[in-house]
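See below for upload-v1.cif, which holds mmCIF, N, CA and C atoms.
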data_model
#
loop_
_atom_site.group_PDB
_atom_site.id
_atom_site.type_symbol
_atom_site.label_atom_id
_atom_site.label_comp_id
_atom_site.auth_asym_id
_atom_site.auth_seq_id
_atom_site.Cartn_x
_atom_site.Cartn_y
_atom_site.Cartn_z
ATOM 1 N N MET A 1 87.571 -94.865 42.614
ATOM 2 C CA MET A 1 86.424 -93.989 42.821
ATOM 3 C C MET A 1 86.910 -92.545 42.900
ATOM 4 N N ARG A 2 86.249 -91.702 42.188
ATOM 5 C CA ARG A 2 86.594 -90.284 42.179
ATOM 6 C C ARG A 2 85.884 -89.557 43.329
ATOM 7 N N ARG A 3 86.619 -88.757 44.064
ATOM 8 C CA ARG A 3 86.058 -87.985 45.186
ATOM 9 C C ARG A 3 85.843 -86.544 44.766
ATOM 10 N N ARG A 4 84.862 -85.916 45.360
ATOM 11 C CA ARG A 4 84.532 -84.531 45.047
ATOM 12 C C ARG A 4 84.235 -83.802 46.354
ATOM 13 N N VAL A 5 84.743 -82.600 46.491
ATOM 14 C CA VAL A 5 84.425 -81.734 47.623
ATOM 15 C C VAL A 5 83.497 -80.648 47.101
ATOM 16 N N ILE A 6 82.372 -80.490 47.757
ATOM 17 C CA ILE A 6 81.397 -79.469 47.370
ATOM 18 C C ILE A 6 81.350 -78.444 48.497
ATOM 19 N N LEU A 7 81.736 -77.230 48.192
ATOM 20 C CA LEU A 7 81.718 -76.150 49.163
ATOM 21 C C LEU A 7 80.539 -75.250 48.824
ATOM 22 N N MET A 8 79.619 -75.104 49.768
ATOM 23 C CA MET A 8 78.408 -74.324 49.523
ATOM 24 C C MET A 8 78.226 -73.253 50.580
ATOM 25 N N ARG A 9 77.565 -72.214 50.165
ATOM 26 C CA ARG A 9 77.144 -71.155 51.078
ATOM 27 C C ARG A 9 75.676 -71.416 51.405
ATOM 28 N N HIS A 10 75.221 -70.938 52.529
ATOM 29 C CA HIS A 10 73.805 -71.081 52.882
ATOM 30 C C HIS A 10 72.934 -70.356 51.854
ATOM 31 N N ALA A 11 71.683 -70.755 51.785
ATOM 32 C CA ALA A 11 70.723 -70.100 50.896
ATOM 33 C C ALA A 11 70.362 -68.720 51.459
ATOM 34 N N ASN A 12 69.600 -67.957 50.692
ATOM 35 C CA ASN A 12 69.236 -66.589 51.061
ATOM 36 C C ASN A 12 68.526 -66.561 52.417
ATOM 37 N N SER A 13 68.973 -65.667 53.294
ATOM 38 C CA SER A 13 68.412 -65.609 54.643
ATOM 39 C C SER A 13 67.752 -64.268 54.908
ATOM 40 N N GLU A 14 66.942 -64.270 55.950
ATOM 41 C CA GLU A 14 66.277 -63.039 56.353
ATOM 42 C C GLU A 14 67.317 -62.013 56.768
ATOM 43 N N GLN A 15 66.958 -60.781 56.708
ATOM 44 C CA GLN A 15 67.916 -59.712 56.999
ATOM 45 C C GLN A 15 68.054 -59.417 58.493
ATOM 46 N N HIS A 16 67.007 -59.655 59.254
ATOM 47 C CA HIS A 16 67.040 -59.266 60.659
ATOM 48 C C HIS A 16 66.674 -60.443 61.556
ATOM 49 N N ALA A 17 67.396 -60.563 62.614
ATOM 50 C CA ALA A 17 67.123 -61.564 63.643
ATOM 51 C C ALA A 17 67.758 -61.063 64.930
ATOM 52 N N HIS A 18 67.444 -61.720 66.011
ATOM 53 C CA HIS A 18 68.004 -61.324 67.304
ATOM 54 C C HIS A 18 69.532 -61.352 67.257
ATOM 55 N N THR A 19 70.088 -62.401 66.641
ATOM 56 C CA THR A 19 71.533 -62.500 66.443
ATOM 57 C C THR A 19 71.797 -62.998 65.035
ATOM 58 N N ASP A 20 72.984 -62.757 64.525
ATOM 59 C CA ASP A 20 73.344 -63.253 63.204
ATOM 60 C C ASP A 20 73.262 -64.773 63.152
ATOM 61 N N HIS A 21 73.707 -65.431 64.209
ATOM 62 C CA HIS A 21 73.717 -66.890 64.276
ATOM 63 C C HIS A 21 72.301 -67.458 64.163
ATOM 64 N N ALA A 22 71.301 -66.693 64.568
ATOM 65 C CA ALA A 22 69.916 -67.169 64.596
ATOM 66 C C ALA A 22 69.118 -66.835 63.333
ATOM 67 N N ARG A 23 69.747 -66.178 62.355
ATOM 68 C CA ARG A 23 68.992 -65.818 61.146
ATOM 69 C C ARG A 23 68.497 -67.053 60.421
ATOM 70 N N SER A 24 67.232 -67.012 59.998
ATOM 71 C CA SER A 24 66.603 -68.113 59.272
ATOM 72 C C SER A 24 66.622 -67.837 57.777
ATOM 73 N N LEU A 25 66.303 -68.854 57.002
ATOM 74 C CA LEU A 25 66.135 -68.649 55.569
ATOM 75 C C LEU A 25 64.846 -67.893 55.312
ATOM 76 N N ASP A 26 64.848 -67.063 54.287
ATOM 77 C CA ASP A 26 63.601 -66.448 53.858
ATOM 78 C C ASP A 26 62.940 -67.405 52.862
ATOM 79 N N GLU A 27 61.782 -67.014 52.318
ATOM 80 C CA GLU A 27 61.055 -67.905 51.397
ATOM 81 C C GLU A 27 61.894 -68.263 50.182
ATOM 82 N N ARG A 28 62.594 -67.294 49.634
ATOM 83 C CA ARG A 28 63.451 -67.559 48.478
ATOM 84 C C ARG A 28 64.540 -68.567 48.841
ATOM 85 N N GLY A 29 65.150 -68.398 49.999
ATOM 86 C CA GLY A 29 66.194 -69.314 50.440
ATOM 87 C C GLY A 29 65.681 -70.735 50.595
ATOM 88 N N GLN A 30 64.472 -70.883 51.118
ATOM 89 C CA GLN A 30 63.885 -72.217 51.268
ATOM 90 C C GLN A 30 63.682 -72.870 49.900
ATOM 91 N N ARG A 31 63.178 -72.113 48.948
ATOM 92 C CA ARG A 31 62.994 -72.649 47.580
ATOM 93 C C ARG A 31 64.334 -72.979 46.933
ATOM 94 N N ASP A 32 65.296 -72.075 47.091
ATOM 95 C CA ASP A 32 66.604 -72.274 46.467
ATOM 96 C C ASP A 32 67.348 -73.474 47.042
ATOM 97 N N ALA A 33 67.227 -73.707 48.346
ATOM 98 C CA ALA A 33 67.890 -74.861 48.965
ATOM 99 C C ALA A 33 67.347 -76.159 48.378
ATOM 100 N N GLN A 34 66.040 -76.229 48.192
ATOM 101 C CA GLN A 34 65.437 -77.419 47.595
ATOM 102 C C GLN A 34 65.874 -77.575 46.139
ATOM 103 N N ALA A 35 65.921 -76.464 45.420
ATOM 104 C CA ALA A 35 66.355 -76.517 44.011
ATOM 105 C C ALA A 35 67.802 -76.986 43.917
ATOM 106 N N MET A 36 68.638 -76.539 44.835
ATOM 107 C CA MET A 36 70.036 -76.961 44.819
ATOM 108 C C MET A 36 70.152 -78.445 45.132
ATOM 109 N N GLY A 37 69.331 -78.945 46.031
ATOM 110 C CA GLY A 37 69.317 -80.380 46.321
ATOM 111 C C GLY A 37 68.957 -81.185 45.086
ATOM 112 N N ARG A 38 67.946 -80.721 44.342
ATOM 113 C CA ARG A 38 67.563 -81.413 43.095
ATOM 114 C C ARG A 38 68.701 -81.361 42.082
ATOM 115 N N CYS A 39 69.382 -80.229 42.012
ATOM 116 C CA CYS A 39 70.513 -80.056 41.100
ATOM 117 C C CYS A 39 71.638 -81.044 41.433
ATOM 118 N N LEU A 40 71.927 -81.214 42.724
ATOM 119 C CA LEU A 40 72.959 -82.163 43.130
ATOM 120 C C LEU A 40 72.579 -83.585 42.721
ATOM 121 N N VAL A 41 71.312 -83.941 42.900
ATOM 122 C CA VAL A 41 70.839 -85.274 42.510
ATOM 123 C C VAL A 41 70.990 -85.471 41.006
ATOM 124 N N GLU A 42 70.583 -84.477 40.219
ATOM 125 C CA GLU A 42 70.682 -84.569 38.756
ATOM 126 C C GLU A 42 72.119 -84.813 38.304
ATOM 127 N N ARG A 43 73.072 -84.267 39.028
ATOM 128 C CA ARG A 43 74.485 -84.422 38.667
ATOM 129 C C ARG A 43 75.128 -85.666 39.291
ATOM 130 N N GLY A 44 74.370 -86.354 40.135
ATOM 131 C CA GLY A 44 74.925 -87.515 40.824
ATOM 132 C C GLY A 44 75.916 -87.140 41.905
ATOM 133 N N TRP A 45 75.749 -85.976 42.493
ATOM 134 C CA TRP A 45 76.689 -85.455 43.486
ATOM 135 C C TRP A 45 76.124 -85.505 44.906
ATOM 136 N N GLU A 46 75.404 -86.527 45.248
ATOM 137 C CA GLU A 46 74.859 -86.617 46.594
ATOM 138 C C GLU A 46 75.989 -86.904 47.587
ATOM 139 N N PRO A 47 76.094 -86.108 48.647
ATOM 140 C CA PRO A 47 77.223 -86.246 49.571
ATOM 141 C C PRO A 47 77.154 -87.511 50.422
ATOM 142 N N GLU A 48 78.330 -88.000 50.765
ATOM 143 C CA GLU A 48 78.465 -89.107 51.710
ATOM 144 C C GLU A 48 78.712 -88.579 53.114
ATOM 145 N N THR A 49 79.240 -87.363 53.182
ATOM 146 C CA THR A 49 79.556 -86.709 54.443
ATOM 147 C C THR A 49 79.186 -85.235 54.313
ATOM 148 N N ALA A 50 78.682 -84.650 55.378
ATOM 149 C CA ALA A 50 78.360 -83.224 55.359
ATOM 150 C C ALA A 50 78.864 -82.591 56.655
ATOM 151 N N LEU A 51 79.604 -81.511 56.505
ATOM 152 C CA LEU A 51 80.144 -80.751 57.626
ATOM 153 C C LEU A 51 79.655 -79.321 57.459
ATOM 154 N N SER A 52 79.060 -78.760 58.501
ATOM 155 C CA SER A 52 78.418 -77.459 58.370
ATOM 156 C C SER A 52 78.528 -76.644 59.652
ATOM 157 N N SER A 53 78.464 -75.335 59.479
ATOM 158 C CA SER A 53 78.294 -74.438 60.613
ATOM 159 C C SER A 53 76.987 -74.808 61.311
ATOM 160 N N ASP A 54 76.884 -74.458 62.571
ATOM 161 C CA ASP A 54 75.644 -74.737 63.304
ATOM 162 C C ASP A 54 74.664 -73.565 63.286
ATOM 163 N N ALA A 55 74.893 -72.554 62.454
ATOM 164 C CA ALA A 55 73.968 -71.424 62.363
ATOM 165 C C ALA A 55 72.604 -71.908 61.854
ATOM 166 N N GLU A 56 71.568 -71.230 62.265
ATOM 167 C CA GLU A 56 70.205 -71.624 61.878
ATOM 168 C C GLU A 56 70.041 -71.691 60.366
ATOM 169 N N ARG A 57 70.550 -70.712 59.644
ATOM 170 C CA ARG A 57 70.353 -70.693 58.188
ATOM 171 C C ARG A 57 71.086 -71.834 57.482
ATOM 172 N N THR A 58 72.205 -72.302 58.054
ATOM 173 C CA THR A 58 72.891 -73.440 57.437
ATOM 174 C C THR A 58 72.158 -74.739 57.749
ATOM 175 N N ARG A 59 71.589 -74.830 58.929
ATOM 176 C CA ARG A 59 70.771 -76.007 59.269
ATOM 177 C C ARG A 59 69.549 -76.079 58.348
ATOM 178 N N GLU A 60 68.914 -74.934 58.118
ATOM 179 C CA GLU A 60 67.739 -74.901 57.253
ATOM 180 C C GLU A 60 68.115 -75.166 55.792
ATOM 181 N N THR A 61 69.278 -74.692 55.378
ATOM 182 C CA THR A 61 69.742 -74.983 54.020
ATOM 183 C C THR A 61 69.931 -76.482 53.863
ATOM 184 N N TRP A 62 70.567 -77.118 54.847
ATOM 185 C CA TRP A 62 70.741 -78.571 54.781
ATOM 186 C C TRP A 62 69.390 -79.275 54.726
ATOM 187 N N ALA A 63 68.434 -78.831 55.524
ATOM 188 C CA ALA A 63 67.115 -79.467 55.530
ATOM 189 C C ALA A 63 66.481 -79.415 54.136
ATOM 190 N N GLY A 64 66.596 -78.280 53.456
ATOM 191 C CA GLY A 64 66.066 -78.163 52.103
ATOM 192 C C GLY A 64 66.788 -79.058 51.122
ATOM 193 N N LEU A 65 68.117 -79.062 51.202
ATOM 194 C CA LEU A 65 68.918 -79.929 50.334
ATOM 195 C C LEU A 65 68.570 -81.389 50.571
ATOM 196 N N ALA A 66 68.574 -81.788 51.833
ATOM 197 C CA ALA A 66 68.338 -83.190 52.182
ATOM 198 C C ALA A 66 66.941 -83.642 51.775
ATOM 199 N N GLY A 67 65.967 -82.765 51.946
ATOM 200 C CA GLY A 67 64.601 -83.120 51.551
ATOM 201 C C GLY A 67 64.506 -83.372 50.057
ATOM 202 N N ALA A 68 65.137 -82.525 49.283
ATOM 203 C CA ALA A 68 65.108 -82.683 47.828
ATOM 204 C C ALA A 68 65.900 -83.907 47.387
ATOM 205 N N MET A 69 66.959 -84.245 48.125
ATOM 206 C CA MET A 69 67.783 -85.404 47.778
ATOM 207 C C MET A 69 67.228 -86.691 48.382
ATOM 208 N N GLN A 70 66.247 -86.563 49.263
ATOM 209 C CA GLN A 70 65.728 -87.683 50.044
ATOM 210 C C GLN A 70 66.870 -88.362 50.799
ATOM 211 N N SER A 71 67.737 -87.520 51.353
ATOM 212 C CA SER A 71 68.924 -87.990 52.067
ATOM 213 C C SER A 71 68.601 -88.323 53.516
ATOM 214 N N VAL A 72 69.198 -89.392 53.995
ATOM 215 C CA VAL A 72 69.097 -89.752 55.409
ATOM 216 C C VAL A 72 70.415 -89.471 56.121
ATOM 217 N N LEU A 73 71.349 -88.856 55.413
ATOM 218 C CA LEU A 73 72.641 -88.494 55.974
ATOM 219 C C LEU A 73 72.458 -87.496 57.117
ATOM 220 N N THR A 74 73.114 -87.744 58.226
ATOM 221 C CA THR A 74 73.105 -86.811 59.345
ATOM 222 C C THR A 74 74.381 -85.977 59.269
ATOM 223 N N PRO A 75 74.258 -84.679 59.012
ATOM 224 C CA PRO A 75 75.451 -83.840 58.912
ATOM 225 C C PRO A 75 76.053 -83.571 60.286
ATOM 226 N N HIS A 76 77.306 -83.194 60.272
ATOM 227 C CA HIS A 76 77.987 -82.776 61.497
ATOM 228 C C HIS A 76 77.943 -81.246 61.533
ATOM 229 N N PHE A 77 77.127 -80.699 62.432
ATOM 230 C CA PHE A 77 77.039 -79.251 62.606
ATOM 231 C C PHE A 77 78.003 -78.844 63.716
ATOM 232 N N THR A 78 78.815 -77.822 63.450
ATOM 233 C CA THR A 78 79.796 -77.392 64.436
ATOM 234 C C THR A 78 79.897 -75.871 64.507
ATOM 235 N N ARG A 79 80.019 -75.362 65.705
ATOM 236 C CA ARG A 79 80.170 -73.924 65.912
ATOM 237 C C ARG A 79 81.504 -73.430 65.354
ATOM 238 N N ALA A 80 82.487 -74.325 65.260
ATOM 239 C CA ALA A 80 83.823 -73.944 64.795
ATOM 240 C C ALA A 80 83.798 -73.380 63.378
ATOM 241 N N LEU A 81 82.837 -73.775 62.567
ATOM 242 C CA LEU A 81 82.772 -73.275 61.196
ATOM 243 C C LEU A 81 82.001 -71.959 61.079
ATOM 244 N N TYR A 82 81.271 -71.600 62.111
ATOM 245 C CA TYR A 82 80.550 -70.325 62.093
ATOM 246 C C TYR A 82 81.594 -69.212 62.172
ATOM 247 N N LEU A 83 81.655 -68.390 61.162
ATOM 248 C CA LEU A 83 82.650 -67.327 61.022
ATOM 249 C C LEU A 83 84.079 -67.871 60.929
ATOM 250 N N GLY A 84 84.204 -69.162 60.678
ATOM 251 C CA GLY A 84 85.530 -69.790 60.594
ATOM 252 C C GLY A 84 86.220 -69.485 59.277
ATOM 253 N N GLY A 85 87.495 -69.666 59.275
ATOM 254 C CA GLY A 85 88.308 -69.468 58.086
ATOM 255 C C GLY A 85 88.912 -70.781 57.618
ATOM 256 N N MET A 86 89.971 -70.670 56.843
ATOM 257 C CA MET A 86 90.616 -71.845 56.274
ATOM 258 C C MET A 86 91.156 -72.788 57.346
ATOM 259 N N ASP A 87 91.683 -72.262 58.419
ATOM 260 C CA ASP A 87 92.215 -73.124 59.472
ATOM 261 C C ASP A 87 91.123 -74.029 60.027
ATOM 262 N N GLU A 88 89.935 -73.481 60.246
ATOM 263 C CA GLU A 88 88.827 -74.279 60.774
ATOM 264 C C GLU A 88 88.346 -75.313 59.749
ATOM 265 N N LEU A 89 88.360 -74.930 58.479
ATOM 266 C CA LEU A 89 87.956 -75.889 57.453
ATOM 267 C C LEU A 89 88.909 -77.063 57.379
ATOM 268 N N TRP A 90 90.189 -76.811 57.441
ATOM 269 C CA TRP A 90 91.169 -77.911 57.397
ATOM 270 C C TRP A 90 91.082 -78.744 58.639
#
Using the file provided, produce a representation of the structure as structure tokens.
Amino acid sequence: MRRRVILMRHANSEQHAHTDHARSLDERGQRDAQAMGRCLVERGWEPETALSSDAERTRETWAGLAGAMQSVLTPHFTRALYLGGMDELW
């Protein structure tokens, strides 16, 4: 079985929020997250595991992706990836 790692950035987010961590997706980001989920399905790239920052915009991006993929996968959201670098990813 061939394995694939998919590294994604969150979808487009609003410019202003109380904190950077709390920024939500804007309307475009919500549409784009769903479109990306459909794109992953078309390519047969539905994830078996998902690891993500716990920022609001990454949670919302996952929700859009998962909805489009009809995924029941529960991702692991972690603060360690918020502003994290390569060490945190490894």
**Neighbour list for Arg57 of chain A as a ChimeraX atom specification, cut-off 5 Å, only N, CA and C atoms, skip fewer than 5 positions in-chain** = /A:23-25
How about saving the chosen residues, N, CA and C atoms kept, as a PDB file, in the coordinates of the input?
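So part.pdb came out as:
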ATOM      1  N   ARG A  23      69.747 -66.178  62.355  1.00  0.00           N
ATOM      2  CA  ARG A  23      68.992 -65.818  61.146  1.00  0.00           C
ATOM      3  C   ARG A  23      68.497 -67.053  60.421  1.00  0.00           C
ATOM      4  N   SER A  24      67.232 -67.012  59.998  1.00  0.00           N
ATOM      5  CA  SER A  24      66.603 -68.113  59.272  1.00  0.00           C
ATOM      6  C   SER A  24      66.622 -67.837  57.777  1.00  0.00           C
ATOM      7  N   LEU A  25      66.303 -68.854  57.002  1.00  0.00           N
ATOM      8  CA  LEU A  25      66.135 -68.649  55.569  1.00  0.00           C
ATOM      9  C   LEU A  25      64.846 -67.893  55.312  1.00  0.00           C
TER      10      LEU A  25
END
**Request:** To verify the selection step, state as a PyMOL selection string which residues the PyMOL selection byres ((chain A and resi 81) around 6) yields on this input.
**Result:** chain A and resi 52-54+78-80+82-84
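Atom C of Met1 of chain A lies 28.7 Å from atom C of Glu60 of chain A.
The spacing separating atom CA of His10 of chain A from atom CA of Pro75 of chain A amounts to 14.2 Å.
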**Asked** Quick one: of A:Ala55, A:Arg3, A:Met86, A:Ser13, who's nearest to Gly29 of chain A, counting only N, CA and C atoms?
**Response** A:Ser13
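In this structure, atom N of His16 of chain A sits 22.8 Å away from atom N of Gly85 of chain A.
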**Request:** Please provide as a PyMOL selection string all residues within 5 Å of segment 66-72 of chain A, with the sequence filter that same-chain residues fewer than 2 positions apart are discarded (counting all atoms listed in the file).
**Result:** chain A and resi 37-38+62-64+74
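Distance annotation: of A:Met8, A:Thr58, A:Val41, A:Pro47, the residue with the minimal separation from Asp20 of chain A is A:Thr58; atom set is only C-alpha atoms.
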**Asked** Which residue, A:Leu73, A:Leu40, A:Ala35, A:Leu65, has the smallest gap to Ile6 of chain A when you use only C-alpha atoms?
**Response**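 So, comparing all the options, the nearest one is A:Leu40.
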**Secondary structure check, strand (DSSP E or B) residues of chain A, as a list in words** =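 Assigned to strand (DSSP E or B), within chain A: Ser13, Leu25, Leu51, Ser52, Ser53, His76, Phe77 and Thr78 of chain A.
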**Request:** Find the residue from A:Ala33, A:His76, A:His21, A:Glu27 that sits nearest to Thr49 of chain A; use all atoms listed in the file when measuring.
**Result:** A:His76
**Request:** Tell me which of A:Glu56, A:Trp45, A:Gln34, A:Val5 sits closest to Ala17 of chain A, counting only C-alpha atoms.
**Result:** A:Glu56
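Each of A:Leu89, A:Gln30, A:Arg43, A:Leu51 was compared to Ala11 of chain A using all atoms listed in the file, and A:Gln30 turns out to be the nearest.
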